[in-house]
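**Student:** Coordinates in start28.txt, compact mmCIF, C-alpha atoms and all ligand atoms, are listed below.
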# COMPACT_ATOMS: atom_id res chain seq x y z
CA MET A 1 72.87 129.70 68.70
CA GLY A 2 69.82 128.58 70.61
CA CYS A 3 69.09 125.07 71.60
CA PHE A 4 66.12 123.14 72.74
CA PRO A 5 65.83 123.00 76.52
CA CYS A 6 67.04 119.77 77.93
CA ALA A 7 64.62 118.90 80.67
CA GLY A 8 64.04 115.24 81.24
CA ASN A 9 65.87 112.22 79.95
CA SER A 10 66.17 111.14 76.39
CA ASP A 11 63.89 108.15 76.77
CA LYS A 12 60.96 110.31 77.65
CA ARG A 13 58.67 111.67 75.04
CA LEU A 14 57.19 115.10 75.24
CA ASP A 15 53.73 116.29 74.66
CA ARG A 16 53.66 120.05 74.53
CA ASP A 17 49.92 120.41 74.16
CA LYS A 18 49.56 122.38 77.34
CA THR A 19 52.98 123.99 77.28
CA GLN A 20 52.60 126.05 74.12
CA THR A 21 55.39 128.54 73.79
CA ASN A 22 56.59 130.49 70.85
CA ASN A 23 59.43 132.61 71.97
CA ARG A 24 62.66 132.23 73.80
CA ASN A 25 61.66 134.41 76.74
CA ARG A 26 59.29 131.73 77.81
CA ARG A 27 61.89 129.02 77.62
CA ASP A 28 62.24 128.62 81.38
CA ASP A 29 58.51 128.23 81.82
CA ARG A 30 58.47 125.61 79.16
CA ALA A 31 61.43 123.74 80.61
CA GLN A 32 59.75 123.76 83.99
CA SER A 33 56.31 122.73 82.85
CA THR A 34 57.64 120.06 80.53
CA ALA A 35 59.84 118.76 83.32
CA GLU A 36 56.74 118.48 85.46
CA LYS A 37 55.02 116.58 82.70
CA LEU A 38 57.92 114.22 82.39
CA LYS A 39 57.57 113.27 86.01
CA SER A 40 54.22 111.81 85.15
CA GLY A 41 55.89 109.55 82.61
CA PRO A 42 56.07 109.42 78.87
CA HIS A 43 52.92 109.93 76.85
CA LYS A 44 50.70 111.11 79.59
CA CYS A 45 47.20 110.08 78.62
CA GLU A 46 44.75 112.78 77.75
CA ASN A 47 41.77 110.72 78.66
CA PRO A 48 42.22 108.04 81.27
CA LYS A 49 38.94 106.35 80.35
CA ALA A 50 39.28 102.94 78.79
CA VAL A 51 38.33 102.82 75.14
CA ASP A 52 36.35 99.86 73.96
CA GLN A 53 37.18 97.69 71.02
CA SER A 54 34.55 99.20 68.78
CA SER A 55 36.05 102.70 69.00
CA ALA A 56 39.50 101.33 68.21
CA ALA A 57 38.14 99.37 65.28
CA LYS A 58 36.25 102.44 64.08
CA GLU A 59 39.39 104.53 64.21
CA LEU A 60 41.31 101.85 62.33
CA ASP A 61 38.69 102.04 59.58
CA VAL A 62 38.79 105.84 59.52
CA ARG A 63 42.56 105.77 59.27
CA LYS A 64 42.48 103.21 56.50
CA GLU A 65 40.07 105.43 54.60
CA GLU A 66 42.26 108.47 55.25
CA VAL A 67 45.20 106.63 53.79
CA SER A 68 43.25 105.11 50.92
CA GLU A 69 42.17 108.56 49.73
CA ASN A 70 45.84 109.28 49.18
CA GLY A 71 47.45 105.99 48.42
CA GLY A 72 45.18 102.98 48.62
CA THR A 73 45.02 100.19 51.20
CA GLU A 74 45.48 97.22 48.88
CA GLY A 75 48.77 96.49 50.63
CA PHE A 76 47.16 96.28 54.08
CA LYS A 77 48.90 93.15 55.29
CA ALA A 78 48.82 92.94 59.09
CA ARG A 79 47.19 89.83 60.44
CA PRO A 80 44.68 89.93 63.33
CA PHE A 81 45.50 87.74 66.33
CA THR A 82 43.37 86.70 69.26
CA PHE A 83 44.68 87.47 72.71
CA ALA A 84 44.78 83.72 73.43
CA GLN A 85 47.15 83.19 70.49
CA LEU A 86 49.56 85.79 71.89
CA VAL A 87 49.31 84.40 75.42
CA ALA A 88 50.25 81.01 73.96
CA ALA A 89 53.12 82.53 71.95
CA THR A 90 54.69 84.11 75.03
CA GLU A 91 53.71 81.40 77.56
CA ASN A 92 51.59 84.02 79.27
CA PHE A 93 54.16 86.79 78.92
CA LYS A 94 56.81 84.84 80.80
CA SER A 95 59.34 87.12 82.43
CA GLU A 96 62.28 85.34 80.83
CA TYR A 97 60.91 86.36 77.41
CA PHE A 98 60.82 90.03 78.36
CA LEU A 99 62.79 92.10 75.83
CA GLY A 100 62.32 95.67 76.96
CA GLU A 101 59.85 98.43 77.62
CA GLY A 102 59.15 101.66 75.74
CA GLY A 103 56.53 104.40 75.76
CA PHE A 104 53.85 102.03 74.51
CA GLY A 105 54.37 99.17 76.93
CA LYS A 106 56.27 95.94 77.55
CA VAL A 107 57.78 93.88 74.75
CA HIS A 108 58.15 90.08 74.95
CA ARG A 109 59.71 87.57 72.63
CA GLY A 110 57.23 84.93 71.48
CA LYS A 111 56.85 81.96 69.15
CA LEU A 112 53.70 81.78 67.07
CA VAL A 113 52.15 78.39 67.64
CA ASP A 114 50.83 77.91 64.09
CA THR A 115 53.88 78.99 62.08
CA GLY A 116 56.71 78.63 64.61
CA GLN A 117 57.89 82.13 63.75
CA ILE A 118 59.81 84.01 66.46
CA VAL A 119 58.25 87.42 67.01
CA ALA A 120 58.33 90.42 69.33
CA ILE A 121 54.99 91.20 70.98
CA LYS A 122 54.33 94.69 72.31
CA GLN A 123 51.47 95.13 74.75
CA LEU A 124 49.87 98.54 75.23
CA ASP A 125 49.86 99.22 78.95
CA ARG A 126 47.77 102.37 78.96
CA ASN A 127 44.16 103.09 78.37
CA GLY A 128 42.85 106.25 76.79
CA MET A 129 42.61 107.77 73.35
CA GLN A 130 46.29 108.61 72.98
CA GLY A 131 47.34 104.99 73.35
CA ILE A 132 44.62 103.81 71.00
CA ARG A 133 45.56 106.43 68.43
CA GLU A 134 49.18 105.33 68.52
CA PHE A 135 48.14 101.70 68.17
CA VAL A 136 46.03 102.53 65.14
CA VAL A 137 48.67 104.73 63.50
CA GLU A 138 51.26 102.01 64.01
CA VAL A 139 49.06 99.31 62.48
CA VAL A 140 48.06 101.40 59.48
CA THR A 141 51.49 102.90 58.78
CA LEU A 142 53.43 99.67 59.08
CA SER A 143 50.82 97.60 57.29
CA LEU A 144 51.21 99.77 54.24
CA ALA A 145 54.98 100.09 54.43
CA ASP A 146 57.37 97.61 52.91
CA HIS A 147 61.07 98.34 53.12
CA PRO A 148 64.10 96.42 54.41
CA ASN A 149 64.91 99.28 56.80
CA LEU A 150 61.49 99.36 58.45
CA VAL A 151 60.56 96.74 61.03
CA LYS A 152 57.80 94.47 59.75
CA LEU A 153 54.50 94.40 61.52
CA ILE A 154 53.21 90.85 61.39
CA GLY A 155 49.90 91.47 63.08
CA TYR A 156 47.92 93.00 65.87
CA CYS A 157 45.36 92.14 68.52
CA ALA A 158 42.47 94.42 69.50
CA GLU A 159 40.33 92.30 71.78
CA GLY A 160 38.37 93.80 74.66
CA GLU A 161 40.74 96.31 76.21
CA GLN A 162 43.83 94.49 75.01
CA ARG A 163 45.97 96.15 72.33
CA LEU A 164 49.02 94.28 71.13
CA LEU A 165 51.35 94.55 68.18
CA VAL A 166 53.29 91.63 66.71
CA TYR A 167 56.58 92.39 64.94
CA GLU A 168 59.37 90.51 63.33
CA PHE A 169 61.95 89.74 66.01
CA MET A 170 65.11 91.84 65.87
CA PRO A 171 67.80 89.74 67.54
CA PHE A 172 70.42 92.46 68.09
CA GLY A 173 68.15 94.81 70.08
CA SER A 174 68.22 98.57 69.64
CA LEU A 175 70.97 100.97 68.62
CA GLU A 176 70.46 102.60 72.01
CA ASP A 177 71.29 99.28 73.72
CA HIS A 178 74.56 99.10 71.79
CA LEU A 179 75.66 102.71 72.09
CA HIS A 180 74.57 103.46 75.61
CA GLY A 181 73.20 100.30 77.18
CA ILE A 182 74.24 96.91 78.39
CA LEU A 183 74.72 95.31 74.97
CA GLY A 184 77.66 97.56 74.19
CA ARG A 185 79.35 96.45 77.42
CA ARG A 186 78.79 92.71 77.14
CA PRO A 187 82.04 90.82 76.66
CA ASN A 188 80.53 88.62 73.92
CA MET A 189 79.11 91.62 72.04
CA ARG A 190 81.70 93.74 70.30
CA ARG A 191 81.55 97.52 70.49
CA LEU A 192 80.26 99.02 67.30
CA ASP A 193 83.18 99.76 64.99
CA TRP A 194 83.30 102.65 62.54
CA ASN A 195 82.18 100.65 59.51
CA THR A 196 79.19 99.21 61.36
CA ARG A 197 78.22 102.66 62.60
CA MET A 198 78.23 104.08 59.07
CA LYS A 199 76.25 101.10 57.81
CA ILE A 200 73.65 101.65 60.53
CA ALA A 201 73.47 105.39 59.78
CA ALA A 202 73.04 104.75 56.04
CA GLY A 203 70.36 102.11 56.63
CA ALA A 204 68.40 104.28 59.04
CA ALA A 205 68.55 107.12 56.49
CA LYS A 206 67.18 104.77 53.82
CA GLY A 207 64.27 103.83 56.08
CA LEU A 208 63.51 107.51 56.59
CA GLU A 209 63.84 108.20 52.87
CA TYR A 210 61.23 105.52 52.21
CA LEU A 211 58.81 107.23 54.60
CA HIS A 212 59.44 110.72 53.21
CA ASP A 213 59.85 110.08 49.51
CA LYS A 214 58.43 106.71 48.58
CA MET A 215 55.34 106.17 50.68
CA LYS A 216 52.03 107.37 49.35
CA PRO A 217 51.03 109.47 51.17
CA PRO A 218 54.43 110.50 52.54
CA VAL A 219 54.90 110.04 56.25
CA ILE A 220 56.71 112.13 58.89
CA TYR A 221 58.10 109.73 61.46
CA ARG A 222 58.24 112.19 64.38
CA ASP A 223 60.03 109.93 66.84
CA LEU A 224 63.39 109.08 65.33
CA LYS A 225 65.84 108.15 68.10
CA CYS A 226 68.39 105.44 68.85
CA SER A 227 65.95 103.32 70.84
CA ASN A 228 63.65 103.18 67.81
CA ILE A 229 66.37 101.84 65.52
CA LEU A 230 66.37 98.06 65.92
CA LEU A 231 69.13 95.82 64.65
CA ASP A 232 68.83 92.60 62.76
CA GLU A 233 71.62 90.03 62.54
CA GLY A 234 74.49 91.65 60.73
CA PHE A 235 73.49 95.00 62.26
CA LEU A 236 70.97 95.79 59.54
CA PRO A 237 69.00 98.69 61.04
CA LYS A 238 65.22 98.96 60.92
CA LEU A 239 63.08 101.82 62.13
CA SER A 240 60.35 100.84 64.55
CA ASP A 241 57.61 102.41 66.67
CA PHE A 242 55.43 104.43 64.32
CA GLY A 243 52.83 105.45 66.87
CA LEU A 244 53.57 109.15 66.42
CA ALA A 245 53.89 109.07 62.64
CA LYS A 246 51.90 111.66 60.72
CA VAL A 247 50.86 111.93 57.12
CA GLY A 248 53.04 114.72 55.69
CA PRO A 249 51.81 117.98 54.16
CA VAL A 250 50.27 117.57 50.73
CA GLY A 251 49.90 119.96 47.79
CA ASP A 252 51.52 123.32 48.35
CA LYS A 253 51.36 123.02 52.13
CA THR A 254 54.75 123.11 53.82
CA HIS A 255 53.82 121.74 57.22
CA VAL A 256 51.15 120.04 59.26
CA SER A 257 50.05 121.81 62.40
CA THR A 258 49.99 119.46 65.33
CA ARG A 259 50.62 119.47 69.00
CA VAL A 260 54.24 118.77 69.76
CA MET A 261 55.11 115.17 70.48
CA GLY A 262 58.43 113.45 70.30
CA THR A 263 61.38 112.89 72.60
CA TYR A 264 63.57 115.37 74.45
CA GLY A 265 66.90 115.94 72.83
CA TYR A 266 65.63 114.79 69.42
CA CYS A 267 62.82 117.26 68.79
CA ALA A 268 63.58 120.03 66.26
CA PRO A 269 63.50 123.45 67.96
CA ASP A 270 61.28 124.96 65.24
CA TYR A 271 58.69 122.22 65.68
CA ALA A 272 58.89 122.48 69.48
CA MET A 273 58.27 126.22 69.34
CA THR A 274 55.60 126.45 66.64
CA GLY A 275 53.94 123.03 66.47
CA GLN A 276 54.53 123.11 62.72
CA LEU A 277 55.70 119.67 61.74
CA THR A 278 57.71 119.27 58.54
CA PHE A 279 59.88 116.60 56.97
CA LYS A 280 62.79 118.70 58.22
CA SER A 281 61.73 117.96 61.80
CA ASP A 282 62.72 114.34 61.14
CA ILE A 283 65.99 115.50 59.58
CA TYR A 284 66.90 117.29 62.80
CA SER A 285 66.21 114.11 64.80
CA PHE A 286 68.27 112.15 62.31
CA GLY A 287 71.15 114.58 62.87
CA VAL A 288 70.97 113.94 66.62
CA VAL A 289 71.03 110.17 66.03
CA LEU A 290 74.03 110.55 63.70
CA LEU A 291 75.80 112.60 66.35
CA GLU A 292 75.15 109.87 68.90
CA ILE A 293 76.52 107.28 66.48
CA ILE A 294 79.72 109.28 65.94
CA THR A 295 80.30 110.53 69.47
CA GLY A 296 78.85 107.71 71.57
CA ARG A 297 77.16 110.42 73.66
CA LYS A 298 73.47 110.47 74.55
CA ALA A 299 71.10 113.10 73.10
CA ILE A 300 70.45 114.19 76.68
CA ASP A 301 72.79 113.06 79.41
CA GLU A 302 72.01 114.37 82.85
CA THR A 303 75.11 112.76 84.31
CA ARG A 304 77.27 115.28 82.42
CA SER A 305 77.97 118.85 83.48
CA GLY A 306 75.64 121.70 82.41
CA THR A 307 76.78 122.61 78.89
CA GLU A 308 77.48 119.01 77.97
CA GLN A 309 74.07 117.63 78.87
CA ASN A 310 72.50 118.46 75.53
CA LEU A 311 74.42 116.81 72.69
CA VAL A 312 73.58 119.39 70.03
CA ALA A 313 74.44 122.31 72.33
CA TRP A 314 77.77 120.63 73.10
CA ALA A 315 78.52 119.88 69.44
CA ARG A 316 77.62 123.22 67.85
CA PRO A 317 80.68 125.22 68.94
CA LEU A 318 82.92 122.27 68.04
CA PHE A 319 81.48 122.13 64.51
CA LYS A 320 83.03 125.52 63.88
CA ASP A 321 86.58 124.34 64.43
CA ARG A 322 87.60 121.35 62.37
CA LYS A 323 90.69 120.80 64.50
CA LYS A 324 88.32 119.83 67.30
CA PHE A 325 86.53 117.15 65.26
CA PRO A 326 88.73 114.32 66.61
CA GLN A 327 87.65 115.30 70.13
CA MET A 328 84.10 114.50 69.09
CA ALA A 329 84.75 110.87 68.08
CA ASP A 330 83.52 108.22 70.50
CA PRO A 331 86.46 107.30 72.80
CA ASP A 332 85.25 103.69 72.51
CA LEU A 333 86.40 103.75 68.88
CA GLU A 334 89.92 103.97 70.34
CA GLY A 335 91.06 106.12 67.45
CA GLN A 336 90.06 103.49 64.88
CA TYR A 337 88.22 105.58 62.33
CA PRO A 338 89.13 107.34 59.09
CA MET A 339 89.74 111.02 59.75
CA ARG A 340 88.20 112.10 56.50
CA GLY A 341 85.18 109.89 57.14
CA LEU A 342 84.84 111.47 60.57
CA TYR A 343 84.87 114.96 59.04
CA GLN A 344 82.29 114.01 56.48
CA ALA A 345 79.99 112.28 58.94
CA LEU A 346 80.18 115.24 61.31
CA ALA A 347 79.51 117.61 58.42
CA ILE A 348 76.31 115.74 57.61
CA ALA A 349 75.24 115.78 61.26
CA ALA A 350 76.01 119.51 61.51
CA MET A 351 73.79 120.27 58.54
CA CYS A 352 70.94 118.16 59.87
CA VAL A 353 70.81 119.89 63.25
CA GLN A 354 70.85 123.43 61.87
CA GLU A 355 68.33 125.64 63.58
CA HIS A 356 66.64 126.79 60.41
CA PRO A 357 64.70 123.89 58.91
CA ASN A 358 65.22 125.14 55.36
CA MET A 359 68.97 124.83 55.78
CA ARG A 360 68.72 121.15 56.66
CA PRO A 361 69.32 118.73 53.77
CA LEU A 362 66.74 116.49 52.15
CA ILE A 363 66.79 112.86 53.18
CA ALA A 364 67.69 111.74 49.63
CA ASP A 365 70.93 113.78 49.81
CA ILE A 366 71.73 112.36 53.23
CA VAL A 367 71.25 108.84 51.88
CA THR A 368 73.64 109.55 49.00
CA ALA A 369 76.26 110.96 51.36
CA LEU A 370 75.96 108.17 53.93
CA ASN A 371 75.93 105.44 51.27
CA TYR A 372 79.21 106.87 50.12
CA LEU A 373 80.64 106.86 53.65
CA ALA A 374 79.38 103.32 54.31
CA SER A 375 81.02 102.15 51.09
CA GLN A 376 84.45 103.45 52.23
CA THR A 377 85.35 100.44 54.34
CA TYR A 378 87.91 101.35 56.95
CA ASP A 379 90.49 98.74 57.87
CA PRO A 380 92.21 99.66 61.12
CA LEU A 381 95.02 97.20 60.38
CA ASN A 382 95.63 98.67 56.98
CA PRO A 383 94.35 102.24 56.87
CA SER A 384 94.87 103.80 53.47
CA PRO A 385 96.99 106.95 53.39
CA GLN A 386 93.90 108.80 52.14
CA THR A 387 91.75 107.91 55.08
CA SER A 388 93.96 106.93 57.98
CA ARG A 389 93.66 108.82 61.17
CA ARG A 390 97.36 109.66 61.32
CA ALA A 391 97.62 110.78 57.71
CA ALA A 392 94.45 112.79 57.78
CA SER A 393 95.30 114.55 60.99
CA SER A 394 97.99 116.38 59.07
CA LYS A 395 97.61 120.13 58.73
CA LYS A 396 96.63 119.77 55.08
CA ASP A 397 93.63 117.61 55.85
CA CYS A 398 92.52 119.88 58.63
CA GLU A 399 92.48 122.70 56.15
CA GLU A 400 90.67 120.69 53.51
CA GLY A 401 88.17 119.41 56.02
CA PRO A 402 85.12 117.41 55.14
CA ASN A 403 84.80 118.75 51.63
CA ALA A 404 88.09 117.40 50.48
CA SER A 405 88.16 115.35 47.30
CA ASN A 406 86.43 111.95 47.19
CA GLY A 407 83.82 113.09 49.65
CA PRO A 408 80.08 113.18 49.19
CA ARG A 409 79.16 116.23 47.17
CA GLY A 410 77.05 119.05 48.49
CA ILE A 411 77.93 118.37 52.11
CA LYS A 412 79.43 121.32 53.87
CA PRO A 413 79.89 121.84 57.59
CA GLU A 414 78.25 124.76 59.27
CA ASP A 415 80.66 127.68 59.08
P1 LIG A 501 59.84 100.14 72.08
O1 LIG A 501 58.56 100.21 72.85
O2 LIG A 501 59.62 99.97 70.63
O3 LIG A 501 60.74 101.29 72.42
O4 LIG A 501 60.58 98.81 72.55
C1 LIG A 501 61.16 98.66 73.82
C2 LIG A 501 62.32 97.68 73.72
O5 LIG A 501 61.84 96.38 73.35
C3 LIG A 501 63.35 98.04 72.65
O6 LIG A 501 64.34 98.91 73.12
C4 LIG A 501 63.93 96.69 72.29
O7 LIG A 501 64.94 96.32 73.20
C5 LIG A 501 62.75 95.75 72.46
N1 LIG A 501 62.07 95.53 71.17
C6 LIG A 501 61.06 96.27 70.62
N2 LIG A 501 60.69 95.77 69.43
C7 LIG A 501 61.48 94.69 69.22
C8 LIG A 501 61.60 93.76 68.14
N3 LIG A 501 60.82 93.83 67.03
N4 LIG A 501 62.53 92.78 68.25
C9 LIG A 501 63.33 92.69 69.33
N5 LIG A 501 63.27 93.55 70.37
C10 LIG A 501 62.36 94.54 70.32
Kindly return the structure encoded in the file as structure tokens.
Ligand code: AMP
**Tutor:**
Amino acid sequence: MGCFPCAGNSDKRLDRDKTQTNNRNRRDDRAQSTAEKLKSGPHKCENPKAVDQSSAAKELDVRKEEVSENGGTEGFKARPFTFAQLVAATENFKSEYFLGEGGFGKVHRGKLVDTGQIVAIKQLDRNGMQGIREFVVEVVTLSLADHPNLVKLIGYCAEGEQRLLVYEFMPFGSLEDHLHGILGRRPNMRRLDWNTRMKIAAGAAKGLEYLHDKMKPPVIYRDLKCSNILLDEGFLPKLSDFGLAKVGPVGDKTHVSTRVMGTYGYCAPDYAMTGQLTFKSDIYSFGVVLLEIITGRKAIDETRSGTEQNLVAWARPLFKDRKKFPQMADPDLEGQYPMRGLYQALAIAAMCVQEHPNMRPLIADIVTALNYLASQTYDPLNPSPQTSRRAASSKKDCEEGPNASNGPRGIKPED
């Protein structure tokens, strides 16, 4: 089984424009050239020239028109801010309000002076068309979206060369912070338990389902990863960072042809090799996220030995032997998970990361399956005989595997 080359770390996005490859023989070249690109940082700009406000505004209008042809812009809700308003909200981007930094730029917590609302303010730190395009796509996509599992865009600022985005504040940070970062290690922040992990997985799937099946026109997210899943109080997950989102294929088209962008470790191999973006590209990325949620491992982890660096490459042989499933559970769960739930969750992940996009499930089916898993609350103090780790690790359960009774229908592990 082939796997996507794992050059670079999982936080870095890839742009394969100049590293077109379409067969496995060229894999080494691609790994090398993409690794070189990664050294220059995520989202290397195509055009380092600054873009003035008028071109950004023009593109925003073009995008709005593009969307309105398909779905209308009546719901366009984002509010314009002046730069001065955002300087005031963040006390001039005070370092103590710094929340984090992603591919787009720095994020600060702020308080809007007029409404008192606490917000997160993201400031584009790069010039050039690519940054502007992402800014515009983010504003248009999120302005038209309305779902509890998508982060709300409150407004934006496009003044002079400044580009900023204003979001609802997500107090629990990102899923990445909890699984792999400092939040998961803080004494006052508990490690994510099994029930919370399933709730996060189900919520993220619902956000993706909204983009794929409910939005008009439907949207391919293209950058699903743990650092783009933000958590509200109560660990309600919301997808964020829509800069790479693309309007999906319409009519009888099956894909949109585009240069490859996304993040190492999460990018579907078919999309990476052909540049043909489909809804199933997102499903692959979702599978990687689900694997991270279950295993606590990173999509790409360069601190691990060769074969274990790429999560999917590590997991694939284990998917074939159900007796090895318990080895895949995050050690931080300390054995506190339902064995049957583990089988079922791994079965879903296995289907999502299949190499052939047609074999991957539709997001609606994933939502059904994960809703079921999230509804099966696991109580470590009182595990039911049906779901307890000890009971389910019996030979019988190993033979029944993830498709045993009471499980989500239509979910089968890769054989
Ligand atoms: P991003 O550029 O979206 O990857 O954001 C970088 C980091 O800033 C994230 O990992 C979060 O820790 C933080 N962040 C981004 N958006 C928000 C938000 N709406 N609320 C709270 N923190 C955020």
**Student:** Taking only C-alpha atoms and all ligand atoms into account, which residues have an atom no farther than 6 Å from ligand LIG 501 (chain A)? I'd like them as a list in words.
**Tutor:**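 If we count only C-alpha atoms and all ligand atoms, the neighbours of ligand LIG 501 (chain A) turn out to be Leu99, Gly100, Glu101, Gly102, Gly103, Phe104, Gly105, Val107, Ala120, Tyr167, Glu168, Phe169, Met170, Pro171, Gly173, Ser174, Ser227, Asn228 and Asp241 of chain A.
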**Student:** Calculate how many Å separate atom CA of Phe235 of chain A from atom CA of Pro148 of chain A, rounding to one decimal.
**Tutor:**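 Taking atom CA of Phe235 of chain A as the start and atom CA of Pro148 of chain A as the end point, the length is 12.3 Å.
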**Student:** Can you tell me how far atom CA of Phe93 of chain A sits from atom CA of Ile132 of chain A, in Å to one decimal?
**Tutor:** 21.1 Å
**Student:** Out of A:Ile200, A:Val113, A:Leu192, A:Ala313, which residue has the shortest atom-to-atom distance to Glu355 of chain A when counting all atoms listed in the file?
**Tutor:** A:Ala313
**Student:** Atom CA of Pro218 of chain A to atom CA of Gly248 of chain A: how many Å, to one decimal?
**Tutor:**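 Between these atoms lies a distance of 5.4 Å.
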**Student:** Find the spatial neighbours of segment 314-318 of chain A, counting only C-alpha atoms, within a cut-off of 12 Å - ignore same-chain residues fewer than 3 positions away - and output them as a PyMOL selection string.
**Tutor:** chain A and resi 1-4+6+265+287-288+290-292+294-295+297-301+304-311+321-329+343+346-347+349-355+413-415
**Student:** Excluding Tyr210 of chain A and any residue of its chain fewer than 5 positions from it, enumerate the residues within 12 Å of it, using only C-alpha atoms, and give them as a PyMOL selection string.
**Tutor:** chain A and resi 142+144-150+203-205+215-221+238-239+363-364+367
